[in-house]
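Novice: This one is target_31.txt, compact mmCIF, C-alpha atoms and all ligand atoms.
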# COMPACT_ATOMS: atom_id res chain seq x y z
CA MET A 1159 -40.54 15.20 9.43
CA PRO A 1160 -37.64 16.73 11.27
CA GLY A 1161 -35.40 19.04 9.34
CA GLY A 1162 -33.34 22.14 9.91
CA PRO A 1163 -29.70 22.93 10.28
CA LEU A 1164 -27.34 20.40 11.77
CA ARG A 1165 -25.85 22.89 14.18
CA ALA A 1166 -29.18 23.87 15.68
CA LYS A 1167 -30.24 20.26 15.93
CA ALA A 1168 -26.95 19.12 17.38
CA GLN A 1169 -27.35 21.69 20.14
CA ARG A 1170 -30.98 20.84 20.74
CA GLY A 1171 -30.19 17.15 20.77
CA GLN A 1172 -27.58 17.29 23.50
CA PRO A 1173 -29.01 16.36 26.86
CA PRO A 1174 -27.44 18.89 29.22
CA GLY A 1175 -26.60 16.22 31.73
CA ASP A 1176 -24.77 13.91 29.36
CA PRO A 1177 -21.10 14.88 29.21
CA PHE A 1178 -20.42 12.35 26.46
CA TRP A 1179 -22.61 14.01 23.88
CA ARG A 1180 -21.82 17.50 25.17
CA ARG A 1181 -18.09 16.93 24.98
CA THR A 1182 -17.82 15.12 21.71
CA VAL A 1183 -20.56 16.16 19.35
CA GLY A 1184 -21.72 19.73 18.73
CA SER A 1185 -18.62 21.46 19.94
CA ARG A 1186 -16.25 19.32 17.87
CA LEU A 1187 -17.83 19.77 14.45
CA PRO A 1188 -15.69 22.08 12.35
CA ILE A 1189 -17.40 25.38 11.62
CA SER A 1190 -17.12 24.98 7.86
CA ALA A 1191 -18.77 21.55 7.94
CA ARG A 1192 -21.59 22.92 10.04
CA SER A 1193 -22.34 25.75 7.68
CA ILE A 1194 -22.15 23.59 4.54
CA SER A 1195 -24.56 21.13 6.10
CA LYS A 1196 -26.83 23.99 7.11
CA ILE A 1197 -27.16 25.27 3.57
CA GLU A 1198 -27.47 21.84 1.98
CA MET A 1199 -29.97 20.45 4.42
CA SER A 1200 -32.32 23.39 4.27
CA THR A 1201 -32.49 23.04 0.50
CA ARG A 1202 -31.89 19.37 -0.34
CA ARG A 1203 -32.15 17.68 3.03
CA GLU A 1204 -29.71 14.96 2.17
CA ARG A 1205 -28.70 12.86 5.15
CA HIS A 1206 -25.43 10.96 4.69
CA GLU A 1207 -24.63 10.51 8.37
CA PHE A 1208 -25.30 6.78 8.53
CA ALA A 1209 -24.20 5.80 5.01
CA SER A 1210 -20.58 5.31 5.99
CA ASP A 1211 -17.99 6.44 8.49
CA ASN A 1212 -16.21 8.16 5.61
CA THR A 1213 -19.09 10.56 5.04
CA ALA A 1214 -18.04 12.32 8.26
CA PRO A 1215 -16.11 15.58 8.22
CA ILE A 1216 -12.47 15.86 9.24
CA CYS A 1217 -12.31 16.04 13.02
CA PRO A 1218 -11.32 19.42 14.49
CA GLU A 1219 -7.96 18.25 15.83
CA ALA A 1220 -6.93 16.90 12.42
CA LEU A 1221 -8.17 20.01 10.67
CA ALA A 1222 -6.21 22.25 13.02
CA ALA A 1223 -3.07 20.19 12.37
CA LEU A 1224 -3.65 20.52 8.64
CA GLU A 1225 -3.81 24.29 8.99
CA GLU A 1226 -0.66 24.34 11.07
CA ALA A 1227 1.18 22.30 8.43
CA ASN A 1228 -0.05 24.75 5.82
CA ALA A 1229 1.59 27.76 7.42
CA THR A 1230 4.95 27.55 5.67
CA ALA A 1231 6.96 25.71 3.02
CA ALA A 1232 8.27 22.34 4.15
CA PRO A 1233 10.34 19.51 2.72
CA SER A 1234 8.47 17.20 0.35
CA TYR A 1235 8.08 13.43 -0.19
CA GLY A 1236 8.05 12.62 3.52
CA GLU A 1237 11.19 14.49 4.53
CA ASP A 1238 9.05 16.79 6.66
CA ARG A 1239 8.80 16.87 10.45
CA TRP A 1240 5.16 15.73 10.56
CA THR A 1241 5.93 12.48 8.76
CA ALA A 1242 8.85 11.82 11.10
CA ARG A 1243 6.61 12.56 14.06
CA VAL A 1244 3.87 10.14 12.93
CA CYS A 1245 6.44 7.35 12.67
CA GLU A 1246 7.67 8.12 16.19
CA GLN A 1247 4.13 8.28 17.54
CA VAL A 1248 3.24 4.92 15.99
CA ARG A 1249 6.31 3.33 17.58
CA GLU A 1250 5.37 4.88 20.91
CA LEU A 1251 1.74 3.76 20.60
CA PHE A 1252 2.60 0.17 19.73
CA GLU A 1253 5.61 0.15 22.04
CA THR A 1254 7.84 -1.44 19.45
CA ASP A 1255 10.25 -0.55 16.72
CA CYS A 1256 8.43 -0.89 13.41
CA GLU A 1257 8.44 0.50 9.88
CA VAL A 1258 5.67 2.98 9.12
CA PHE A 1259 4.43 4.27 5.75
CA LEU A 1260 1.59 6.57 4.74
CA VAL A 1261 -0.54 6.01 1.66
CA PHE A 1262 -3.65 7.76 0.43
CA ASN A 1263 -6.32 5.13 1.05
CA GLY A 1264 -7.18 1.72 2.43
CA THR A 1265 -7.25 -0.11 -0.87
CA ALA A 1266 -3.68 0.93 -1.60
CA ALA A 1267 -2.59 0.12 1.95
CA ASN A 1268 -3.98 -3.41 1.75
CA ALA A 1269 -2.93 -4.12 -1.82
CA LEU A 1270 0.61 -2.81 -1.39
CA ALA A 1271 1.07 -4.53 1.95
CA LEU A 1272 0.00 -7.84 0.42
CA ALA A 1273 2.16 -7.24 -2.65
CA GLN A 1274 5.08 -6.66 -0.34
CA ILE A 1275 4.72 -10.01 1.40
CA CYS A 1276 3.54 -12.15 -1.54
CA GLN A 1277 4.98 -13.20 -4.85
CA SER A 1278 2.78 -13.69 -7.91
CA PHE A 1279 2.54 -17.45 -7.28
CA HIS A 1280 1.40 -17.02 -3.66
CA SER A 1281 -2.10 -17.02 -2.22
CA VAL A 1282 -3.83 -15.13 0.58
CA ILE A 1283 -6.54 -16.68 2.73
CA CYS A 1284 -9.32 -14.24 3.56
CA HIS A 1285 -12.98 -14.14 4.52
CA GLN A 1286 -15.56 -14.16 1.74
CA HIS A 1287 -16.73 -10.72 2.90
CA ALA A 1288 -13.22 -9.30 3.21
CA HIS A 1289 -12.89 -5.85 1.70
CA ILE A 1290 -9.78 -7.05 -0.15
CA HIS A 1291 -12.02 -9.56 -1.92
CA THR A 1292 -15.26 -7.68 -2.41
CA ASP A 1293 -14.43 -3.98 -2.62
CA GLU A 1294 -10.97 -3.32 -3.97
CA CYS A 1295 -11.53 -3.86 -7.66
CA GLY A 1296 -8.91 -6.59 -7.77
CA ALA A 1297 -6.19 -4.27 -6.46
CA PRO A 1298 -4.58 -7.00 -4.30
CA GLU A 1299 -4.44 -9.35 -7.29
CA PHE A 1300 -3.23 -6.52 -9.51
CA PHE A 1301 -0.45 -5.27 -7.25
CA THR A 1302 0.70 -8.77 -6.32
CA LYS A 1303 0.74 -9.52 -10.06
CA GLY A 1304 -1.30 -12.67 -9.64
CA SER A 1305 -1.53 -13.80 -6.03
CA LYS A 1306 -4.79 -15.63 -5.55
CA LEU A 1307 -7.28 -14.89 -2.80
CA LEU A 1308 -8.47 -18.11 -1.19
CA VAL A 1309 -11.87 -17.17 0.08
CA ILE A 1310 -13.39 -18.92 3.07
CA GLY A 1311 -16.38 -18.45 5.36
CA GLY A 1312 -16.93 -18.00 9.05
CA ALA A 1313 -19.65 -16.61 11.30
CA ASP A 1314 -20.05 -12.88 11.97
CA GLY A 1315 -17.52 -11.89 9.31
CA LYS A 1316 -14.71 -13.73 11.10
CA ILE A 1317 -12.48 -16.37 9.59
CA ASP A 1318 -13.24 -19.97 10.54
CA ILE A 1319 -9.87 -21.64 11.13
CA ALA A 1320 -11.23 -25.09 10.24
CA GLN A 1321 -12.16 -23.74 6.81
CA ALA A 1322 -8.73 -22.16 6.49
CA GLU A 1323 -7.15 -25.55 7.27
CA ALA A 1324 -9.42 -27.20 4.72
CA VAL A 1325 -8.60 -24.76 1.96
CA ILE A 1326 -4.89 -25.28 2.52
CA ALA A 1327 -5.36 -29.05 2.46
CA ARG A 1328 -7.07 -28.70 -0.92
CA GLN A 1329 -4.11 -26.91 -2.54
CA PRO A 1330 -2.36 -29.44 -4.77
CA GLU A 1331 1.14 -28.26 -3.84
CA LEU A 1332 3.15 -27.13 -6.86
CA HIS A 1333 0.06 -27.02 -9.06
CA ALA A 1334 -1.70 -24.38 -7.00
CA HIS A 1335 -0.74 -20.99 -5.69
CA LYS A 1336 1.40 -21.40 -2.59
CA PRO A 1337 -0.41 -20.18 0.55
CA ARG A 1338 1.67 -17.34 1.93
CA ALA A 1339 -0.56 -15.08 4.01
CA ILE A 1340 -3.80 -14.88 5.89
CA SER A 1341 -5.66 -11.60 6.04
CA ILE A 1342 -8.14 -10.63 8.75
CA THR A 1343 -10.17 -7.47 9.08
CA GLN A 1344 -10.32 -5.83 12.50
CA ALA A 1345 -13.05 -4.66 13.09
CA THR A 1346 -14.69 -6.91 10.50
CA GLU A 1347 -16.82 -5.83 7.59
CA PHE A 1348 -19.81 -6.79 9.75
CA GLY A 1349 -18.73 -4.58 12.60
CA THR A 1350 -17.76 -7.47 14.81
CA VAL A 1351 -14.44 -7.57 16.59
CA TYR A 1352 -11.96 -10.43 16.85
CA THR A 1353 -11.09 -11.04 20.49
CA CYS A 1354 -7.47 -11.39 21.61
CA GLU A 1355 -8.02 -15.14 21.89
CA GLU A 1356 -9.42 -15.37 18.37
CA ILE A 1357 -6.48 -13.48 16.93
CA ALA A 1358 -4.09 -15.62 18.94
CA ALA A 1359 -5.70 -18.74 17.46
CA ILE A 1360 -5.39 -17.37 13.91
CA ALA A 1361 -1.79 -16.34 14.57
CA ASP A 1362 -1.06 -19.81 15.88
CA PHE A 1363 -2.58 -21.34 12.74
CA ALA A 1364 -0.54 -18.94 10.61
CA GLN A 1365 2.64 -19.91 12.39
CA ARG A 1366 1.95 -23.63 12.02
CA ARG A 1367 1.24 -23.18 8.32
CA LYS A 1368 4.15 -20.75 7.80
CA LEU A 1369 1.81 -17.94 6.76
CA LEU A 1370 2.26 -14.25 7.34
CA LEU A 1371 -0.57 -12.43 9.10
CA HIS A 1372 -2.01 -9.27 7.54
CA MET A 1373 -4.57 -7.17 9.34
CA ASP A 1374 -6.87 -4.80 7.47
CA GLY A 1375 -7.39 -2.26 10.22
CA ALA A 1376 -9.51 0.27 8.37
CA ARG A 1377 -11.45 0.32 11.67
CA PHE A 1378 -8.62 -0.80 13.94
CA ALA A 1379 -9.33 2.12 16.27
CA ASN A 1380 -12.93 1.00 16.69
CA ALA A 1381 -11.74 -2.51 17.46
CA ILE A 1382 -9.34 -1.27 20.14
CA ALA A 1383 -12.07 0.90 21.62
CA ALA A 1384 -14.37 -2.13 21.71
CA LEU A 1385 -11.80 -4.47 23.21
CA ASP A 1386 -10.51 -1.84 25.63
CA CYS A 1387 -7.01 -3.23 25.24
CA HIS A 1388 -3.58 -1.96 24.25
CA PRO A 1389 -2.91 -1.89 20.48
CA LYS A 1390 0.04 -4.26 20.91
CA ASP A 1391 -2.20 -6.84 22.63
CA VAL A 1392 -3.92 -7.68 19.34
CA THR A 1393 -1.10 -7.04 16.88
CA TRP A 1394 2.61 -7.76 17.03
CA GLU A 1395 2.52 -9.42 20.43
CA LEU A 1396 0.24 -12.07 18.97
CA GLY A 1397 2.08 -12.32 15.66
CA VAL A 1398 0.45 -9.81 13.30
CA ASP A 1399 3.12 -9.04 10.72
CA VAL A 1400 1.61 -6.09 8.92
CA LEU A 1401 -1.21 -3.78 9.92
CA CYS A 1402 -3.05 -1.30 7.72
CA PHE A 1403 -4.22 1.24 10.29
CA GLY A 1404 -7.11 3.32 9.01
CA GLY A 1405 -7.28 7.05 9.59
CA THR A 1406 -9.95 8.10 7.12
CA LYS A 1407 -12.82 6.50 9.03
CA ASN A 1408 -11.37 7.79 12.28
CA GLY A 1409 -11.21 11.51 11.48
CA VAL A 1410 -8.60 12.49 8.89
CA GLY A 1411 -9.43 13.49 5.32
CA ALA A 1412 -7.10 10.92 3.76
CA GLY A 1413 -4.15 8.82 4.78
CA GLU A 1414 -3.73 5.25 6.01
CA LEU A 1415 -0.73 3.80 7.76
CA VAL A 1416 0.99 0.62 6.68
CA ILE A 1417 2.91 -0.72 9.67
CA PHE A 1418 5.39 -3.56 9.37
CA PHE A 1419 6.10 -5.08 12.76
CA LYS A 1420 8.84 -7.27 11.30
CA LYS A 1421 11.05 -4.58 9.89
CA GLU A 1422 12.75 -6.87 7.38
CA LEU A 1423 9.39 -7.30 5.61
CA ALA A 1424 9.43 -3.62 4.71
CA ARG A 1425 12.53 -3.82 2.55
CA GLU A 1426 12.20 -1.39 -0.40
CA PHE A 1427 8.53 -0.83 0.39
CA ASP A 1428 9.15 2.88 -0.17
CA TYR A 1429 9.86 2.10 -3.85
CA ARG A 1430 6.66 0.06 -4.10
CA VAL A 1431 4.67 2.96 -2.66
CA LYS A 1432 6.24 5.42 -5.07
CA GLN A 1433 5.76 3.17 -8.11
CA ALA A 1434 2.09 2.72 -7.23
CA GLY A 1435 1.60 6.49 -7.22
CA GLN A 1436 0.97 6.46 -3.49
CA LEU A 1437 3.83 8.69 -2.35
CA ALA A 1438 2.37 12.14 -1.81
CA SER A 1439 4.77 14.90 -2.74
CA LYS A 1440 3.19 17.05 -0.03
CA LEU A 1441 3.11 14.14 2.38
CA ARG A 1442 2.90 16.49 5.33
CA PHE A 1443 -0.76 17.04 4.53
CA LEU A 1444 -1.46 13.36 5.15
CA ALA A 1445 0.94 13.18 8.09
CA ALA A 1446 -0.03 16.30 10.05
CA PRO A 1447 -3.65 15.23 10.64
CA TRP A 1448 -2.36 11.84 11.78
CA THR A 1449 -0.07 13.52 14.31
CA ALA A 1450 -3.22 15.07 15.74
CA LEU A 1451 -5.07 11.74 15.87
CA LEU A 1452 -2.17 10.12 17.67
CA LYS A 1453 -1.70 12.96 20.15
CA ASP A 1454 -3.42 12.57 23.51
CA GLY A 1455 -5.53 9.64 22.33
CA VAL A 1456 -7.77 11.51 19.88
CA TRP A 1457 -7.92 8.38 17.67
CA LEU A 1458 -9.27 6.37 20.58
CA ARG A 1459 -11.79 8.97 21.70
CA ASN A 1460 -13.09 9.31 18.14
CA ALA A 1461 -13.54 5.55 17.94
CA GLN A 1462 -15.12 5.33 21.38
CA HIS A 1463 -17.60 7.98 20.36
CA ALA A 1464 -18.49 6.17 17.14
CA ASN A 1465 -18.91 2.85 18.94
CA ARG A 1466 -21.06 4.40 21.63
CA ALA A 1467 -23.23 6.09 19.01
CA ALA A 1468 -23.73 2.71 17.30
CA ARG A 1469 -24.79 1.10 20.57
CA GLU A 1470 -27.20 3.94 21.22
CA LEU A 1471 -28.62 3.70 17.71
CA ALA A 1472 -29.11 -0.06 18.02
CA GLN A 1473 -30.80 0.35 21.39
CA ARG A 1474 -33.18 3.03 20.18
CA LEU A 1475 -34.00 1.05 17.03
CA ALA A 1476 -34.92 -1.95 19.16
CA ASP A 1477 -36.81 -0.02 21.84
CA GLU A 1478 -38.68 2.48 19.70
CA THR A 1479 -39.07 0.93 16.26
CA LYS A 1480 -38.84 -2.79 17.01
CA ILE A 1481 -36.09 -3.03 14.39
CA ASP A 1482 -33.60 -5.52 15.77
CA LYS A 1483 -29.95 -5.87 15.00
CA TYR A 1484 -28.94 -8.56 12.56
CA ILE A 1485 -25.55 -9.14 14.15
CA PRO A 1486 -24.07 -8.02 17.49
CA VAL A 1487 -23.04 -4.37 17.60
CA GLU A 1488 -19.43 -4.41 18.74
CA ALA A 1489 -17.83 -1.50 16.91
CA ASN A 1490 -19.40 1.39 14.98
CA SER A 1491 -21.82 -0.28 12.61
CA VAL A 1492 -25.39 -1.41 13.11
CA PHE A 1493 -26.72 -4.08 10.77
CA VAL A 1494 -30.48 -4.33 10.71
CA ARG A 1495 -33.25 -6.04 8.81
CA ILE A 1496 -35.49 -3.43 7.23
CA GLN A 1497 -38.44 -4.16 4.98
CA GLY A 1498 -38.07 -2.89 1.44
CA ASN A 1499 -40.91 -0.36 1.70
CA VAL A 1500 -39.43 1.10 4.90
CA ALA A 1501 -36.02 1.43 3.26
CA THR A 1502 -37.63 3.15 0.27
CA ALA A 1503 -39.53 5.55 2.53
CA LEU A 1504 -36.35 6.43 4.44
CA ARG A 1505 -34.50 7.05 1.21
CA ALA A 1506 -37.34 9.27 0.01
CA ARG A 1507 -36.78 11.35 3.12
CA GLY A 1508 -33.15 11.82 2.18
CA TRP A 1509 -31.44 9.11 4.22
CA ASP A 1510 -28.54 7.48 2.49
CA PHE A 1511 -27.49 3.96 3.56
CA TYR A 1512 -26.45 0.68 1.99
CA LYS A 1513 -27.90 -2.77 1.70
CA PHE A 1514 -25.29 -5.34 2.68
CA VAL A 1515 -26.96 -8.72 2.53
CA GLU A 1516 -29.85 -9.71 0.29
CA PRO A 1517 -32.73 -9.44 0.63
CA ASP A 1518 -33.10 -7.00 3.52
CA VAL A 1519 -30.01 -6.47 5.68
CA TYR A 1520 -28.82 -2.86 5.74
CA ARG A 1521 -25.84 -1.21 7.37
CA LEU A 1522 -26.06 1.97 9.42
CA MET A 1523 -22.68 3.38 10.22
CA CYS A 1524 -21.64 5.75 13.00
CA SER A 1525 -18.58 7.94 13.17
CA TRP A 1526 -16.75 10.36 15.45
CA ALA A 1527 -19.26 12.99 14.33
CA THR A 1528 -22.55 11.14 14.82
CA SER A 1529 -24.72 13.26 17.06
CA GLU A 1530 -27.57 12.27 19.28
CA SER A 1531 -29.84 14.40 17.15
CA ASP A 1532 -28.79 12.49 14.01
CA ILE A 1533 -29.97 9.35 15.76
CA ALA A 1534 -33.14 11.03 16.98
CA ASP A 1535 -33.95 12.26 13.45
CA LEU A 1536 -33.54 8.79 11.97
CA ILE A 1537 -35.67 7.21 14.68
CA ALA A 1538 -38.33 9.89 14.22
CA ASP A 1539 -38.48 9.23 10.48
CA LEU A 1540 -38.74 5.50 11.11
CA LYS A 1541 -41.57 5.99 13.56
CA ASP A 1542 -43.40 8.47 11.36
C1 LIG A 1601 -12.72 -3.12 5.83
C2 LIG A 1601 -12.21 -2.04 4.94
N1 LIG A 1601 -10.95 -2.08 4.50
C3 LIG A 1601 -10.42 -1.11 3.76
C4 LIG A 1601 -11.19 -0.02 3.40
C5 LIG A 1601 -10.52 1.11 2.68
O1 LIG A 1601 -11.05 1.45 1.50
P1 LIG A 1601 -10.69 2.78 0.69
O2 LIG A 1601 -9.77 2.38 -0.39
O3 LIG A 1601 -12.00 3.23 0.18
O4 LIG A 1601 -10.04 3.76 1.61
C6 LIG A 1601 -12.53 0.06 3.78
C7 LIG A 1601 -13.39 1.17 3.36
O5 LIG A 1601 -14.58 1.10 3.28
C8 LIG A 1601 -13.06 -0.98 4.58
O6 LIG A 1601 -14.32 -0.96 5.01
If you took the structure in this file and wrote it as structure tokens, what would it be?
Specialist:
Amino acid sequence: MPGGPLRAKAQRGQPPGDPFWRRTVGSRLPISARSISKIEMSTRRERHEFASDNTAPICPEALAALEEANATAAPSYGEDRWTARVCEQVRELFETDCEVFLVFNGTAANALALAQICQSFHSVICHQHAHIHTDECGAPEFFTKGSKLLVIGGADGKIDIAQAEAVIARQPELHAHKPRAISITQATEFGTVYTCEEIAAIADFAQRRKLLLHMDGARFANAIAALDCHPKDVTWELGVDVLCFGGTKNGVGAGELVIFFKKELAREFDYRVKQAGQLASKLRFLAAPWTALLKDGVWLRNAQHANRAARELAQRLADETKIDKYIPVEANSVFVRIQGNVATALRARGWDFYKFVEPDVYRLMCSWATSESDIADLIADLKD
């Protein structure tokens, strides 16, 4: 069974001729993360690389920005220059004037964004596998003080508009919650990516039904990398009203953006954020790493790396272990069918990963930090 320190393996695993791996993997891991992994893996040999994209370290650019923001005292509660800069950078990136807020995590971003656009008697249409429905402990319902999630299906984790139409038709007007918003996840919880056309169709439906369009973009960067388009092409230009743009899975330690493309929707949102305990007093430590992500396209390169690692993993699984993907690999996750005894054996060797669909569909996640040797180690353990 392969083992040994991550740094040594990352260096061994880089084919000298492949600039992608050489550029983005070994050299970009922060020194501290390398040495922690080295100690842990030689003793416990835990492997969290594919469990989630939030098991990854902070990327070097974000870490350097954090250190720079730590050099002196600075104004608090978002009055600092880093927070102002992030807002400017977001407006530049999306090429539009918009309202930008920073909160600690994705659950808060989604729940507060929905609370901002819904009243307690409203409802939100979402996919049955939407994170807001399955993984946020009722935060959207809690922060909206009663808005109902109207859960529908759709292939590959994407909303089926016919089902959305049907669920609206079933609402007995005054006696039900009033449909107010539709929420889509980009990239989806199954690692698939809505195309521009698919988002346009949902936006058109939303407009016809007088719904606002919320996008959970915990992996928005991966979606843009997959689509190879401009961020505005799949957001405000099509009619997305509010985007939760994820940074944690992209390379920062914490901090998600809530972006209102219709500025009037953001009225008093700062109070909502504060009341929810989501206004960091030292906000610069969330903002500074984001300035680094948004400078010179780091966010996009991180996502491109993660997506490419997922494609490589899927390919090697198919070629060398005959384990086939369960769903197309479009962003940074690989869903596979693995027999229970194989999953148990992998876990016994220290690999950490989650089952997503009963009885045997598991998710393997890649990140900005996934190295070729991580992939090689997993494949080797599967073949062993
Ligand atoms: C689709 C999606 N939305 C939002 C989140 C954000 O969740 P958290 O509150 O853990 O940051 C996640 C994290 O796994 C996610 O996968």
Novice: May I ask for the distance between CA of Arg1367 (chain A) and CA of Thr1353 (chain A), given in Å to one decimal place?
Specialist: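 Atom-to-atom, CA of Arg1367 (chain A) and CA of Thr1353 (chain A) are spaced 21.2 Å apart.
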Novice: May I ask you to write as a PDB file with C-alpha atoms, in the frame of the given file all residues lying at most 8 Å from ligand LIG 1601 (chain A), with all atoms listed in the file counted?
Specialist:
ATOM      1  CA  SER A1210     -20.580   5.310   5.990  1.00  0.00           C
ATOM      2  CA  ASN A1212     -16.210   8.160   5.610  1.00  0.00           C
ATOM      3  CA  PHE A1262      -3.650   7.760   0.430  1.00  0.00           C
ATOM      4  CA  ASN A1263      -6.320   5.130   1.050  1.00  0.00           C
ATOM      5  CA  GLY A1264      -7.180   1.720   2.430  1.00  0.00           C
ATOM      6  CA  THR A1265      -7.250  -0.110  -0.870  1.00  0.00           C
ATOM      7  CA  ALA A1266      -3.680   0.930  -1.600  1.00  0.00           C
ATOM      8  CA  ALA A1267      -2.590   0.120   1.950  1.00  0.00           C
ATOM      9  CA  ASN A1268      -3.980  -3.410   1.750  1.00  0.00           C
ATOM     10  CA  ALA A1288     -13.220  -9.300   3.210  1.00  0.00           C
ATOM     11  CA  HIS A1289     -12.890  -5.850   1.700  1.00  0.00           C
ATOM     12  CA  ILE A1290      -9.780  -7.050  -0.150  1.00  0.00           C
ATOM     13  CA  ASP A1293     -14.430  -3.980  -2.620  1.00  0.00           C
ATOM     14  CA  GLU A1294     -10.970  -3.320  -3.970  1.00  0.00           C
ATOM     15  CA  THR A1343     -10.170  -7.470   9.080  1.00  0.00           C
ATOM     16  CA  GLN A1344     -10.320  -5.830  12.500  1.00  0.00           C
ATOM     17  CA  ALA A1345     -13.050  -4.660  13.090  1.00  0.00           C
ATOM     18  CA  THR A1346     -14.690  -6.910  10.500  1.00  0.00           C
ATOM     19  CA  GLU A1347     -16.820  -5.830   7.590  1.00  0.00           C
ATOM     20  CA  ASP A1374      -6.870  -4.800   7.470  1.00  0.00           C
ATOM     21  CA  GLY A1375      -7.390  -2.260  10.220  1.00  0.00           C
ATOM     22  CA  ALA A1376      -9.510   0.270   8.370  1.00  0.00           C
ATOM     23  CA  ARG A1377     -11.450   0.320  11.670  1.00  0.00           C
ATOM     24  CA  GLY A1404      -7.110   3.320   9.010  1.00  0.00           C
ATOM     25  CA  THR A1406      -9.950   8.100   7.120  1.00  0.00           C
ATOM     26  CA  LYS A1407     -12.820   6.500   9.030  1.00  0.00           C
ATOM     27  CA  GLU A1414      -3.730   5.250   6.010  1.00  0.00           C
TER      28      GLU A1414
END
Novice: Env of region 1391-1399 of chain A: 9 Å cut, atoms = all atoms listed in the file, seq-sep filter 2 positions within chain, self excluded. Answer as a PDB file with C-alpha atoms, in the coordinates of the input.
Specialist:
ATOM      1  CA  PHE A1252       2.600   0.170  19.730  1.00  0.00           C
ATOM      2  CA  THR A1254       7.840  -1.440  19.450  1.00  0.00           C
ATOM      3  CA  TYR A1352     -11.960 -10.430  16.850  1.00  0.00           C
ATOM      4  CA  THR A1353     -11.090 -11.040  20.490  1.00  0.00           C
ATOM      5  CA  CYS A1354      -7.470 -11.390  21.610  1.00  0.00           C
ATOM      6  CA  GLU A1355      -8.020 -15.140  21.890  1.00  0.00           C
ATOM      7  CA  ILE A1357      -6.480 -13.480  16.930  1.00  0.00           C
ATOM      8  CA  ALA A1358      -4.090 -15.620  18.940  1.00  0.00           C
ATOM      9  CA  ALA A1361      -1.790 -16.340  14.570  1.00  0.00           C
ATOM     10  CA  ASP A1362      -1.060 -19.810  15.880  1.00  0.00           C
ATOM     11  CA  ALA A1364      -0.540 -18.940  10.610  1.00  0.00           C
ATOM     12  CA  GLN A1365       2.640 -19.910  12.390  1.00  0.00           C
ATOM     13  CA  LEU A1370       2.260 -14.250   7.340  1.00  0.00           C
ATOM     14  CA  LEU A1371      -0.570 -12.430   9.100  1.00  0.00           C
ATOM     15  CA  HIS A1372      -2.010  -9.270   7.540  1.00  0.00           C
ATOM     16  CA  MET A1373      -4.570  -7.170   9.340  1.00  0.00           C
ATOM     17  CA  ILE A1382      -9.340  -1.270  20.140  1.00  0.00           C
ATOM     18  CA  CYS A1387      -7.010  -3.230  25.240  1.00  0.00           C
ATOM     19  CA  HIS A1388      -3.580  -1.960  24.250  1.00  0.00           C
ATOM     20  CA  PRO A1389      -2.910  -1.890  20.480  1.00  0.00           C
ATOM     21  CA  LEU A1401      -1.210  -3.780   9.920  1.00  0.00           C
ATOM     22  CA  ILE A1417       2.910  -0.720   9.670  1.00  0.00           C
ATOM     23  CA  PHE A1418       5.390  -3.560   9.370  1.00  0.00           C
ATOM     24  CA  PHE A1419       6.100  -5.080  12.760  1.00  0.00           C
ATOM     25  CA  LYS A1420       8.840  -7.270  11.300  1.00  0.00           C
ATOM     26  CA  LEU A1423       9.390  -7.300   5.610  1.00  0.00           C
TER      27      LEU A1423
END
Novice: When distances are computed from only C-alpha atoms, which of A:Ser1531, A:Gly1315, A:Gly1349, A:Ala1538 shows the smallest separation from Val1492 (chain A)?
Specialist: A:Gly1349
Novice: Show me, as a list in words, the residues that have an atom within 9 Å of Trp1457 (chain A) when counting only C-alpha atoms, minus same-chain residues fewer than 2 positions from it.
Specialist: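 Result of the neighbour search: Ala1379, Asn1380, Gly1405, Asn1408, Gly1409, Trp1448, Ala1450, Leu1451, Leu1452, Lys1453, Asp1454, Gly1455, Arg1459, Asn1460, Ala1461 and Gln1462 of chain A.
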Novice: Between A:Ile1317, A:Ser1305, A:Ala1322, A:His1333, which residue has the minimum interatomic distance to Phe1279 (chain A), considering all atoms listed in the file?
Specialist: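 For Phe1279 (chain A), the nearest of the candidates is A:Ser1305.
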Novice: Between A:Asn1465, A:Thr1213, A:Ser1341, A:Ser1281, which is the closest to Val1410 (chain A) once you count all atoms listed in the file?
Specialist: A:Thr1213
Novice: Would you kindly identify which residues have an atom no farther than 12 Å from (-39.8, -2.0, 4.0), using only C-alpha atoms and the file's own coordinates, and write them out as a ChimeraX atom specification?
Specialist: /A:1481,1494-1505,1517-1520,1540
Novice: Have a look at CA of Asp1314 (chain A) and CA of Arg1366 (chain A) and let me know their distance in Å, one decimal.
Specialist: 24.5 Å
Novice: Between A:Ala1467, A:Ala1424, A:Leu1415, A:Ala1320, single out the one closest to Ala1534 (chain A), counting all atoms listed in the file.
Specialist: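 Closest to Ala1534 (chain A), using all atoms listed in the file: A:Ala1467.
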Novice: From the set A:Leu1270, A:Ala1214, A:Asp1535, A:Gln1247, which residue has the shortest atom-to-atom contact distance to Tyr1429 (chain A), counting only C-alpha atoms?
Specialist: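 Of all the options, A:Leu1270 lies closest to Tyr1429 (chain A).
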Novice: Can you work out which one of A:Cys1284, A:Asp1386, A:Leu1332, A:Ala1412 has the shortest atom-to-atom distance to Ile1360 (chain A), counting only C-alpha atoms?
Specialist: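 Of A:Cys1284, A:Asp1386, A:Leu1332, A:Ala1412, the one nearest Ile1360 (chain A), counting only C-alpha atoms, is A:Cys1284.
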Novice: Enter the distance from CA of Val1261 (chain A) to CA of Trp1526 (chain A), in Å, rounded to one decimal.
Specialist: 21.7 Å
Novice: Tell me, as a PyMOL selection string, which residues lie within 10 Å of Ser1234 (chain A), counting all atoms listed in the file; anything in the same chain fewer than 3 positions away does not count.
Specialist: chain A and resi 1231+1237-1238+1241+1438-1442
